[in-house]
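Source file: query-v9.cif (mmCIF, N, CA and C atoms and all ligand atoms)
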```
data_target
#
loop_
_atom_site.label_atom_id
_atom_site.label_comp_id
_atom_site.auth_asym_id
_atom_site.auth_seq_id
_atom_site.Cartn_x
_atom_site.Cartn_y
_atom_site.Cartn_z
N MET H 1 76.73 -9.70 28.76
CA MET H 1 77.30 -10.08 30.06
C MET H 1 76.28 -10.84 30.89
N GLU H 2 76.75 -11.82 31.63
CA GLU H 2 75.85 -12.61 32.46
C GLU H 2 75.62 -11.87 33.78
N SER H 3 74.39 -11.88 34.19
CA SER H 3 74.10 -11.26 35.49
C SER H 3 74.48 -12.27 36.57
N GLU H 4 74.75 -11.74 37.73
CA GLU H 4 75.20 -12.60 38.83
C GLU H 4 74.04 -13.48 39.36
N TYR H 5 72.85 -12.95 39.16
CA TYR H 5 71.66 -13.66 39.65
C TYR H 5 70.75 -14.04 38.49
N LYS H 6 70.01 -15.08 38.67
CA LYS H 6 69.00 -15.46 37.68
C LYS H 6 67.73 -15.88 38.40
N LYS H 7 66.70 -16.02 37.63
CA LYS H 7 65.42 -16.45 38.20
C LYS H 7 65.32 -17.96 38.08
N CYS H 8 65.00 -18.64 39.15
CA CYS H 8 64.78 -20.08 39.09
C CYS H 8 63.57 -20.35 38.20
N PRO H 9 63.72 -21.22 37.20
CA PRO H 9 62.59 -21.46 36.29
C PRO H 9 61.41 -22.20 36.94
N PHE H 10 61.65 -22.74 38.15
CA PHE H 10 60.59 -23.53 38.80
C PHE H 10 59.80 -22.71 39.81
N CYS H 11 60.53 -21.95 40.65
CA CYS H 11 59.82 -21.20 41.69
C CYS H 11 59.89 -19.68 41.49
N ALA H 12 60.66 -19.27 40.49
CA ALA H 12 60.76 -17.86 40.13
C ALA H 12 61.46 -16.99 41.17
N GLU H 13 62.14 -17.63 42.13
CA GLU H 13 62.93 -16.86 43.09
C GLU H 13 64.28 -16.49 42.48
N GLU H 14 64.84 -15.36 42.91
CA GLU H 14 66.17 -14.95 42.46
C GLU H 14 67.21 -15.85 43.11
N ILE H 15 68.01 -16.51 42.28
CA ILE H 15 69.09 -17.34 42.83
C ILE H 15 70.38 -17.00 42.10
N LYS H 16 71.53 -17.44 42.65
CA LYS H 16 72.81 -17.16 42.00
C LYS H 16 72.87 -17.84 40.64
N ALA H 17 73.47 -17.13 39.73
CA ALA H 17 73.52 -17.62 38.34
C ALA H 17 74.23 -18.97 38.24
N ASP H 18 75.23 -19.19 39.10
CA ASP H 18 76.02 -20.42 39.04
C ASP H 18 75.39 -21.57 39.83
N ALA H 19 74.29 -21.30 40.49
CA ALA H 19 73.68 -22.32 41.36
C ALA H 19 73.29 -23.56 40.57
N LYS H 20 73.61 -24.73 41.16
CA LYS H 20 73.25 -26.02 40.53
C LYS H 20 71.87 -26.46 41.04
N ILE H 21 71.59 -26.04 42.26
CA ILE H 21 70.30 -26.40 42.87
C ILE H 21 69.69 -25.13 43.47
N CYS H 22 68.41 -24.94 43.23
CA CYS H 22 67.72 -23.77 43.76
C CYS H 22 67.66 -23.85 45.28
N ARG H 23 68.01 -22.78 45.97
CA ARG H 23 68.02 -22.80 47.42
C ARG H 23 66.61 -22.65 48.01
N TYR H 24 65.65 -22.33 47.16
CA TYR H 24 64.27 -22.20 47.64
C TYR H 24 63.47 -23.48 47.42
N CYS H 25 63.49 -23.98 46.19
CA CYS H 25 62.65 -25.15 45.89
C CYS H 25 63.47 -26.43 45.72
N HIS H 26 64.80 -26.31 45.77
CA HIS H 26 65.73 -27.45 45.68
C HIS H 26 65.65 -28.22 44.37
N LYS H 27 65.16 -27.55 43.34
CA LYS H 27 65.14 -28.19 42.01
C LYS H 27 66.50 -28.00 41.34
N GLU H 28 66.89 -29.02 40.63
CA GLU H 28 68.17 -28.97 39.92
C GLU H 28 68.06 -27.95 38.77
N GLN H 29 69.10 -27.13 38.62
CA GLN H 29 69.09 -26.09 37.58
C GLN H 29 69.71 -26.64 36.29
N VAL H 30 69.06 -26.34 35.19
CA VAL H 30 69.54 -26.83 33.90
C VAL H 30 70.80 -26.05 33.52
N GLU H 31 71.82 -26.79 33.08
CA GLU H 31 73.06 -26.14 32.63
C GLU H 31 72.76 -25.22 31.45
N LYS H 32 73.33 -24.02 31.51
CA LYS H 32 73.05 -23.04 30.46
C LYS H 32 73.50 -23.53 29.07
N ASP H 33 74.65 -24.24 29.05
CA ASP H 33 75.20 -24.69 27.78
C ASP H 33 74.31 -25.73 27.08
N SER H 34 73.55 -26.49 27.90
CA SER H 34 72.78 -27.58 27.32
C SER H 34 71.45 -27.12 26.73
N ILE H 35 71.03 -25.92 27.05
CA ILE H 35 69.77 -25.44 26.47
C ILE H 35 70.08 -24.50 25.31
N ILE H 36 69.23 -24.54 24.30
CA ILE H 36 69.42 -23.65 23.16
C ILE H 36 68.96 -22.25 23.57
N ASP H 37 69.91 -21.34 23.54
CA ASP H 37 69.60 -19.97 23.92
C ASP H 37 69.00 -19.25 22.71
N PHE H 38 67.78 -18.83 22.88
CA PHE H 38 67.06 -18.18 21.78
C PHE H 38 67.80 -16.94 21.30
N LYS H 39 68.38 -16.20 22.22
CA LYS H 39 69.12 -14.98 21.89
C LYS H 39 70.32 -15.32 20.98
N ASP H 40 71.01 -16.42 21.31
CA ASP H 40 72.15 -16.85 20.50
C ASP H 40 71.70 -17.22 19.08
N VAL H 41 70.55 -17.86 18.98
CA VAL H 41 70.02 -18.25 17.67
C VAL H 41 69.76 -17.00 16.82
N ILE H 42 69.16 -15.99 17.46
CA ILE H 42 68.87 -14.73 16.75
C ILE H 42 70.17 -14.09 16.27
N ILE H 43 71.16 -14.03 17.17
CA ILE H 43 72.45 -13.41 16.82
C ILE H 43 73.10 -14.16 15.67
N MET H 44 73.10 -15.49 15.75
CA MET H 44 73.69 -16.31 14.69
C MET H 44 72.97 -16.06 13.36
N SER H 45 71.64 -15.98 13.41
CA SER H 45 70.85 -15.73 12.20
C SER H 45 71.22 -14.40 11.57
N ILE H 46 71.39 -13.39 12.42
CA ILE H 46 71.76 -12.05 11.92
C ILE H 46 73.14 -12.10 11.27
N ILE H 47 74.08 -12.81 11.91
CA ILE H 47 75.43 -12.92 11.34
C ILE H 47 75.38 -13.60 9.97
N VAL H 48 74.62 -14.68 9.88
CA VAL H 48 74.50 -15.41 8.62
C VAL H 48 73.87 -14.51 7.56
N LEU H 49 72.83 -13.77 7.95
CA LEU H 49 72.12 -12.88 7.03
C LEU H 49 73.04 -11.77 6.53
N VAL H 50 73.79 -11.16 7.45
CA VAL H 50 74.70 -10.08 7.08
C VAL H 50 75.78 -10.62 6.12
N ALA H 51 76.30 -11.81 6.43
CA ALA H 51 77.32 -12.43 5.57
C ALA H 51 76.75 -12.69 4.18
N PHE H 52 75.50 -13.15 4.14
CA PHE H 52 74.85 -13.45 2.87
C PHE H 52 74.64 -12.17 2.05
N ILE H 53 74.13 -11.12 2.70
CA ILE H 53 73.91 -9.84 2.01
C ILE H 53 75.24 -9.28 1.53
N GLY H 54 76.26 -9.39 2.39
CA GLY H 54 77.60 -8.91 2.03
C GLY H 54 78.13 -9.64 0.80
N TYR H 55 77.91 -10.94 0.78
CA TYR H 55 78.35 -11.75 -0.38
C TYR H 55 77.63 -11.31 -1.64
N LYS H 56 76.30 -11.11 -1.50
CA LYS H 56 75.49 -10.66 -2.65
C LYS H 56 75.97 -9.30 -3.16
N TYR H 57 76.28 -8.43 -2.21
CA TYR H 57 76.75 -7.08 -2.55
C TYR H 57 78.06 -7.17 -3.33
N ILE H 58 78.97 -7.98 -2.82
CA ILE H 58 80.28 -8.11 -3.46
C ILE H 58 80.13 -8.67 -4.88
N THR H 59 79.33 -9.71 -5.03
CA THR H 59 79.18 -10.32 -6.35
C THR H 59 78.41 -9.40 -7.29
N ALA H 60 77.50 -8.55 -6.75
CA ALA H 60 76.71 -7.65 -7.60
C ALA H 60 77.53 -6.45 -8.07
N TYR H 61 78.36 -5.90 -7.18
CA TYR H 61 79.06 -4.65 -7.52
C TYR H 61 80.53 -4.83 -7.89
N HIS H 62 81.00 -6.05 -7.74
CA HIS H 62 82.38 -6.32 -8.15
C HIS H 62 82.36 -7.50 -9.11
N PRO H 63 81.95 -7.25 -10.36
CA PRO H 63 81.81 -8.36 -11.30
C PRO H 63 83.13 -9.07 -11.57
N THR H 64 83.04 -10.34 -11.83
CA THR H 64 84.23 -11.12 -12.14
C THR H 64 84.70 -10.78 -13.55
N ALA H 65 85.88 -11.22 -13.90
CA ALA H 65 86.43 -11.00 -15.25
C ALA H 65 85.47 -11.59 -16.29
N GLU H 66 84.85 -12.71 -15.92
CA GLU H 66 83.92 -13.38 -16.83
C GLU H 66 82.68 -12.51 -17.08
N ASP H 67 82.17 -11.89 -16.00
CA ASP H 67 81.01 -10.99 -16.12
C ASP H 67 81.36 -9.79 -17.00
N GLN H 68 82.54 -9.23 -16.80
CA GLN H 68 82.97 -8.06 -17.57
C GLN H 68 83.09 -8.42 -19.04
N ARG H 69 83.60 -9.60 -19.29
CA ARG H 69 83.75 -10.10 -20.65
C ARG H 69 82.38 -10.14 -21.35
N ARG H 70 81.39 -10.68 -20.62
CA ARG H 70 80.04 -10.74 -21.17
C ARG H 70 79.49 -9.34 -21.44
N GLU H 71 79.63 -8.48 -20.46
CA GLU H 71 79.12 -7.11 -20.60
C GLU H 71 79.73 -6.42 -21.81
N LEU H 72 80.98 -6.76 -22.07
CA LEU H 72 81.71 -6.13 -23.17
C LEU H 72 81.29 -6.70 -24.53
N TYR H 73 81.15 -8.02 -24.60
CA TYR H 73 80.98 -8.66 -25.90
C TYR H 73 79.54 -8.95 -26.31
N ILE H 74 78.64 -9.07 -25.33
CA ILE H 74 77.24 -9.36 -25.70
C ILE H 74 76.64 -8.23 -26.54
N PRO H 75 76.83 -6.94 -26.18
CA PRO H 75 76.29 -5.88 -27.06
C PRO H 75 76.91 -5.92 -28.45
N VAL H 76 78.17 -6.30 -28.54
CA VAL H 76 78.85 -6.43 -29.83
C VAL H 76 78.17 -7.53 -30.64
N ALA H 77 77.91 -8.66 -29.99
CA ALA H 77 77.24 -9.78 -30.66
C ALA H 77 75.85 -9.35 -31.14
N GLU H 78 75.16 -8.56 -30.31
CA GLU H 78 73.82 -8.09 -30.68
C GLU H 78 73.87 -7.17 -31.91
N ASP H 79 74.90 -6.36 -31.98
CA ASP H 79 75.09 -5.51 -33.17
C ASP H 79 75.28 -6.38 -34.41
N TYR H 80 76.07 -7.43 -34.26
CA TYR H 80 76.34 -8.33 -35.38
C TYR H 80 75.08 -9.09 -35.80
N ILE H 81 74.23 -9.42 -34.81
CA ILE H 81 72.96 -10.08 -35.13
C ILE H 81 72.11 -9.15 -36.00
N GLU H 82 72.15 -7.86 -35.67
CA GLU H 82 71.42 -6.86 -36.45
C GLU H 82 71.92 -6.86 -37.90
N GLN H 83 73.23 -6.94 -38.05
CA GLN H 83 73.83 -6.97 -39.40
C GLN H 83 73.49 -8.26 -40.13
N TYR H 84 73.44 -9.37 -39.36
CA TYR H 84 73.03 -10.65 -39.93
C TYR H 84 71.60 -10.55 -40.46
N ASN H 85 70.71 -9.97 -39.64
CA ASN H 85 69.30 -9.81 -40.04
C ASN H 85 69.18 -8.96 -41.31
N MET H 86 70.03 -7.95 -41.41
CA MET H 86 70.05 -7.09 -42.59
C MET H 86 70.45 -7.91 -43.83
N ALA H 87 71.46 -8.76 -43.66
CA ALA H 87 71.92 -9.62 -44.76
C ALA H 87 70.80 -10.57 -45.20
N VAL H 88 70.05 -11.09 -44.20
CA VAL H 88 68.92 -11.99 -44.50
C VAL H 88 67.87 -11.24 -45.32
N ARG H 89 67.58 -9.99 -44.89
CA ARG H 89 66.58 -9.19 -45.60
C ARG H 89 67.02 -8.90 -47.05
N GLN H 90 68.32 -8.68 -47.22
CA GLN H 90 68.85 -8.38 -48.54
C GLN H 90 68.96 -9.64 -49.40
N GLY H 91 68.99 -10.81 -48.75
CA GLY H 91 68.98 -12.08 -49.46
C GLY H 91 70.31 -12.48 -50.09
N ASP H 92 71.41 -11.81 -49.69
CA ASP H 92 72.74 -12.18 -50.20
C ASP H 92 73.24 -13.38 -49.39
N LYS H 93 73.21 -14.56 -50.02
CA LYS H 93 73.51 -15.80 -49.29
C LYS H 93 74.93 -15.87 -48.76
N THR H 94 75.90 -15.36 -49.51
CA THR H 94 77.29 -15.35 -49.05
C THR H 94 77.42 -14.44 -47.83
N GLN H 95 76.76 -13.29 -47.93
CA GLN H 95 76.83 -12.32 -46.83
C GLN H 95 76.17 -12.88 -45.56
N ILE H 96 75.11 -13.68 -45.73
CA ILE H 96 74.42 -14.30 -44.58
C ILE H 96 75.40 -15.24 -43.85
N VAL H 97 76.15 -16.03 -44.62
CA VAL H 97 77.14 -16.96 -44.04
C VAL H 97 78.19 -16.17 -43.26
N VAL H 98 78.70 -15.12 -43.90
CA VAL H 98 79.75 -14.30 -43.28
C VAL H 98 79.25 -13.68 -41.97
N GLN H 99 78.04 -13.09 -42.00
CA GLN H 99 77.50 -12.42 -40.82
C GLN H 99 77.21 -13.40 -39.69
N ALA H 100 76.68 -14.58 -40.03
CA ALA H 100 76.41 -15.61 -39.00
C ALA H 100 77.71 -16.04 -38.34
N GLY H 101 78.77 -16.15 -39.15
CA GLY H 101 80.10 -16.51 -38.63
C GLY H 101 80.63 -15.46 -37.68
N ILE H 102 80.39 -14.19 -38.02
CA ILE H 102 80.85 -13.08 -37.16
C ILE H 102 80.10 -13.10 -35.83
N VAL H 103 78.79 -13.37 -35.89
CA VAL H 103 77.98 -13.45 -34.65
C VAL H 103 78.51 -14.59 -33.77
N ALA H 104 78.76 -15.74 -34.39
CA ALA H 104 79.29 -16.91 -33.65
C ALA H 104 80.62 -16.55 -32.98
N ALA H 105 81.49 -15.86 -33.71
CA ALA H 105 82.80 -15.46 -33.19
C ALA H 105 82.65 -14.51 -32.00
N ALA H 106 81.66 -13.59 -32.10
CA ALA H 106 81.44 -12.64 -31.00
C ALA H 106 80.98 -13.38 -29.74
N PHE H 107 80.12 -14.39 -29.91
CA PHE H 107 79.66 -15.17 -28.74
C PHE H 107 80.80 -16.02 -28.18
N LEU H 108 81.70 -16.45 -29.04
CA LEU H 108 82.89 -17.19 -28.58
C LEU H 108 83.75 -16.28 -27.71
N GLN H 109 83.92 -15.03 -28.16
CA GLN H 109 84.67 -14.03 -27.39
C GLN H 109 84.01 -13.79 -26.03
N ALA H 110 82.67 -13.80 -26.02
CA ALA H 110 81.91 -13.54 -24.79
C ALA H 110 81.88 -14.76 -23.87
N HIS H 111 82.48 -15.88 -24.34
CA HIS H 111 82.44 -17.17 -23.61
C HIS H 111 81.01 -17.64 -23.40
N ASP H 112 80.15 -17.30 -24.36
CA ASP H 112 78.74 -17.73 -24.29
C ASP H 112 78.60 -18.97 -25.17
N GLU H 113 78.85 -20.11 -24.54
CA GLU H 113 78.93 -21.38 -25.27
C GLU H 113 77.62 -21.73 -25.97
N VAL H 114 76.49 -21.51 -25.29
CA VAL H 114 75.17 -21.87 -25.83
C VAL H 114 74.90 -21.09 -27.12
N ASN H 115 75.08 -19.78 -27.07
CA ASN H 115 74.82 -18.95 -28.25
C ASN H 115 75.86 -19.19 -29.35
N TYR H 116 77.09 -19.51 -28.93
CA TYR H 116 78.12 -19.81 -29.91
C TYR H 116 77.71 -21.04 -30.74
N GLN H 117 77.29 -22.11 -30.05
CA GLN H 117 76.86 -23.33 -30.73
C GLN H 117 75.66 -23.06 -31.64
N LYS H 118 74.74 -22.25 -31.13
CA LYS H 118 73.52 -21.92 -31.88
C LYS H 118 73.88 -21.19 -33.20
N TRP H 119 74.78 -20.21 -33.09
CA TRP H 119 75.14 -19.42 -34.28
C TRP H 119 76.06 -20.18 -35.22
N LYS H 120 76.84 -21.09 -34.65
CA LYS H 120 77.68 -21.96 -35.48
C LYS H 120 76.77 -22.82 -36.38
N GLU H 121 75.67 -23.30 -35.77
CA GLU H 121 74.70 -24.11 -36.50
C GLU H 121 74.00 -23.26 -37.58
N ILE H 122 73.62 -22.02 -37.22
CA ILE H 122 72.98 -21.12 -38.19
C ILE H 122 73.93 -20.87 -39.37
N GLN H 123 75.21 -20.69 -39.03
CA GLN H 123 76.22 -20.48 -40.08
C GLN H 123 76.33 -21.70 -40.99
N ASN H 124 76.35 -22.90 -40.38
CA ASN H 124 76.42 -24.14 -41.17
C ASN H 124 75.25 -24.27 -42.12
N GLN H 125 74.05 -23.97 -41.60
CA GLN H 125 72.84 -24.05 -42.44
C GLN H 125 72.92 -23.04 -43.58
N ALA H 126 73.38 -21.83 -43.27
CA ALA H 126 73.50 -20.77 -44.28
C ALA H 126 74.53 -21.17 -45.34
N GLN H 127 75.61 -21.81 -44.87
CA GLN H 127 76.66 -22.30 -45.76
C GLN H 127 76.09 -23.32 -46.76
N LYS H 128 75.30 -24.26 -46.25
CA LYS H 128 74.68 -25.28 -47.10
C LYS H 128 73.74 -24.64 -48.13
N ALA H 129 72.95 -23.67 -47.66
CA ALA H 129 72.01 -22.97 -48.54
C ALA H 129 72.77 -22.23 -49.65
N ALA H 130 73.90 -21.60 -49.28
CA ALA H 130 74.70 -20.85 -50.24
C ALA H 130 75.32 -21.80 -51.27
N GLU H 131 75.84 -22.93 -50.81
CA GLU H 131 76.45 -23.92 -51.71
C GLU H 131 75.41 -24.49 -52.67
N LYS H 132 74.22 -24.72 -52.13
CA LYS H 132 73.15 -25.26 -52.96
C LYS H 132 72.77 -24.27 -54.07
N SER H 133 72.68 -23.00 -53.73
CA SER H 133 72.28 -22.00 -54.73
C SER H 133 73.36 -21.84 -55.81
N ILE H 134 74.63 -22.03 -55.41
CA ILE H 134 75.72 -21.95 -56.40
C ILE H 134 75.65 -23.15 -57.36
N SER H 135 75.45 -24.35 -56.79
CA SER H 135 75.38 -25.55 -57.65
C SER H 135 74.14 -25.52 -58.54
N ASP H 136 73.02 -24.95 -58.03
CA ASP H 136 71.81 -24.78 -58.82
C ASP H 136 72.08 -23.85 -60.00
N TYR H 137 72.87 -22.82 -59.74
CA TYR H 137 73.19 -21.81 -60.74
C TYR H 137 73.92 -22.41 -61.93
N TYR H 138 74.82 -23.38 -61.62
CA TYR H 138 75.64 -23.96 -62.69
C TYR H 138 75.01 -25.20 -63.34
N LYS H 139 73.82 -25.55 -62.92
CA LYS H 139 73.14 -26.72 -63.47
C LYS H 139 72.73 -26.47 -64.93
ZN ZN M 1 63.50 -22.65 42.84
#
```

Translate this file's structure into structure tokens.
Ligand SMILES: [Zn+2]
Amino acid sequence: MESEYKKCPFCAEEIKADAKICRYCHKEQVEKDSIIDFKDVIIMSIIVLVAFIGYKYITAYHPTAEDQRRELYIPVAEDYIEQYNMAVRQGDKTQIVVQAGIVAAAFLQAHDEVNYQKWKEIQNQAQKAAEKSISDYYK
């Protein structure tokens, strides 16, 4: 709330808040609207900060469908990577192709485009290696 009186910024005498000219020193009073009120700036900053924190809170604790999808499928993909690694250790080339394909499919489900492309490529390479070993066998 505005007080009825204010201090003249020039002579420091109490004058009416609405006064255009100080009755003591006759200096023209600056319109309140034209000066940046520091208090208003602080209040605006707090509002912006609260809105920002609120937004962060909402996005952190209310995951989108896309986030939930990732949470659900990424651990599945990681399990499949473990199985892929096992196939690599065992050296079964057909099984390596199959497992790489399953990992790629899991990342596709997770909508993880980068990892999907990566595993698709791993699968392609494994496929080529498997085909080569078969043709070598029949040579
Ligand atoms: Zn004055």

**OP:** Go through the chains and note each residue within 8 Å of ligand ZN 1 (chain M), using only C-alpha atoms and all ligand atoms, then give the set as a list in words.
**Re:**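 Written in the requested form, the residues are Lys7, Cys8, Pro9, Phe10, Cys11, Ala12, Glu13, Ile15, Ile21, Cys22, Arg23, Tyr24, Cys25, His26 and Lys27 of chain H.
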
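The smallest atom-to-atom distance between Gln125 in chain H and any of H:Ala87, H:Val97, H:Ile58, H:Val76, using only N, CA and C atoms, is found for H:Val97.
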
**OP:** Within chain H, find each residue whose DSSP state, derived from the backbone, is alpha helix (DSSP H), and express the selection as a PyMOL selection string.
**Re:** chain H and resi 38-61+65-90+93-109+113-137

Original post:
What is the CA of Ala106 in chain H-CA of Ile74 in chain H distance in Å, reported with one decimal?
Top reply: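 One can read the CA of Ala106 in chain H to CA of Ile74 in chain H distance as 7.5 Å.
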
Original post:
In Å, with one decimal, what is the gap from atom C of Val103 in chain H to atom N of Val88 in chain H?
Top reply: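 Taking atom C of Val103 in chain H as the start and atom N of Val88 in chain H as the end point, the length is 13.9 Å.
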
Subject >> Who sits within 8 Å of Ala77 in chain H, all atoms listed in the file, same chain under 5 positions skipped, as a VMD selection string >> reply: chain H and resid 72 82 to 83 102 to 107

Original post:
Would you give me, as a PyMOL selection string, the residues in chain H that DSSP reads as strand (DSSP E)?
Top reply: chain H and resi 5-7+14-16

With N, CA and C atoms retained, could you export that selection as a compact mmCIF listing (two decimals), keeping the file's coordinate frame?
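Writing done, so here's result-v2.txt:
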```
# COMPACT_ATOMS: atom_id res chain seq x y z
N TYR H 5 72.85 -12.95 39.16
CA TYR H 5 71.66 -13.66 39.65
C TYR H 5 70.75 -14.04 38.49
N LYS H 6 70.01 -15.08 38.67
CA LYS H 6 69.00 -15.46 37.68
C LYS H 6 67.73 -15.88 38.40
N LYS H 7 66.70 -16.02 37.63
CA LYS H 7 65.42 -16.45 38.20
C LYS H 7 65.32 -17.96 38.08
N GLU H 14 64.84 -15.36 42.91
CA GLU H 14 66.17 -14.95 42.46
C GLU H 14 67.21 -15.85 43.11
N ILE H 15 68.01 -16.51 42.28
CA ILE H 15 69.09 -17.34 42.83
C ILE H 15 70.38 -17.00 42.10
N LYS H 16 71.53 -17.44 42.65
CA LYS H 16 72.81 -17.16 42.00
C LYS H 16 72.87 -17.84 40.64
```

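For the pair atom C of Tyr73 in chain H and atom N of Val114 in chain H, the interatomic distance is 13.0 Å.
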
Original post:
Which of these, H:Arg69, H:Arg89, H:His62, H:Lys6, has the shortest distance to Ala19 in chain H once you count all atoms listed in the file?
Top reply: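 Under the stated criterion, the closest residue is H:Lys6.
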
Could you give me, as a compact mmCIF listing (two decimals) with N, CA and C atoms, in the coordinates of the input, the residues within 8 Å of Ala126 in chain H, counting only N, CA and C atoms and dropping anything in the same chain fewer than 3 positions from it?
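Result file follows (around-v4.txt):
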```
# COMPACT_ATOMS: atom_id res chain seq x y z
N LYS H 93 73.21 -14.56 -50.02
CA LYS H 93 73.51 -15.80 -49.29
C LYS H 93 74.93 -15.87 -48.76
N THR H 94 75.90 -15.36 -49.51
CA THR H 94 77.29 -15.35 -49.05
C THR H 94 77.42 -14.44 -47.83
N ILE H 96 75.11 -13.68 -45.73
CA ILE H 96 74.42 -14.30 -44.58
C ILE H 96 75.40 -15.24 -43.85
N VAL H 97 76.15 -16.03 -44.62
CA VAL H 97 77.14 -16.96 -44.04
C VAL H 97 78.19 -16.17 -43.26
N VAL H 98 78.70 -15.12 -43.90
CA VAL H 98 79.75 -14.30 -43.28
C VAL H 98 79.25 -13.68 -41.97
N ALA H 100 76.68 -14.58 -40.03
CA ALA H 100 76.41 -15.61 -39.00
C ALA H 100 77.71 -16.04 -38.34
N LYS H 120 76.84 -21.09 -34.65
CA LYS H 120 77.68 -21.96 -35.48
C LYS H 120 76.77 -22.82 -36.38
N GLU H 121 75.67 -23.30 -35.77
CA GLU H 121 74.70 -24.11 -36.50
C GLU H 121 74.00 -23.26 -37.58
N ILE H 122 73.62 -22.02 -37.22
CA ILE H 122 72.98 -21.12 -38.19
C ILE H 122 73.93 -20.87 -39.37
N GLN H 123 75.21 -20.69 -39.03
CA GLN H 123 76.22 -20.48 -40.08
C GLN H 123 76.33 -21.70 -40.99
N ALA H 129 72.95 -23.67 -47.66
CA ALA H 129 72.01 -22.97 -48.54
C ALA H 129 72.77 -22.23 -49.65
N ALA H 130 73.90 -21.60 -49.28
CA ALA H 130 74.70 -20.85 -50.24
C ALA H 130 75.32 -21.80 -51.27
N GLU H 131 75.84 -22.93 -50.81
CA GLU H 131 76.45 -23.92 -51.71
C GLU H 131 75.41 -24.49 -52.67
N LYS H 132 74.22 -24.72 -52.13
CA LYS H 132 73.15 -25.26 -52.96
C LYS H 132 72.77 -24.27 -54.07
```

Centre and edges of the range 57-64 of chain H box, axis-aligned, 6 Å extra per side, as lines of an AutoDock Vina configuration file:
```
center_x = 80.5
center_y = -7.9
center_z = -7.9
size_x = 20.4
size_y = 18.5
size_z = 23.3
```

Original post:
Counting only C-alpha atoms, which of H:Lys128, H:Tyr138, H:Gly101, H:Ala65 gets nearest to Ile81 in chain H?
Top reply: H:Gly101

Original post:
Which one of H:Lys118, H:Met44, H:Gln99, H:Asp37 sits closest to Tyr84 in chain H if you count all atoms listed in the file?
Top reply: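 Using all atoms listed in the file, Tyr84 in chain H sits closest to H:Gln99.
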
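Considering the residues H:Asp18, H:Gln117, H:Leu108, H:Tyr80 and counting all atoms listed in the file, Glu4 in chain H has its shortest atom-to-atom contact with H:Asp18.
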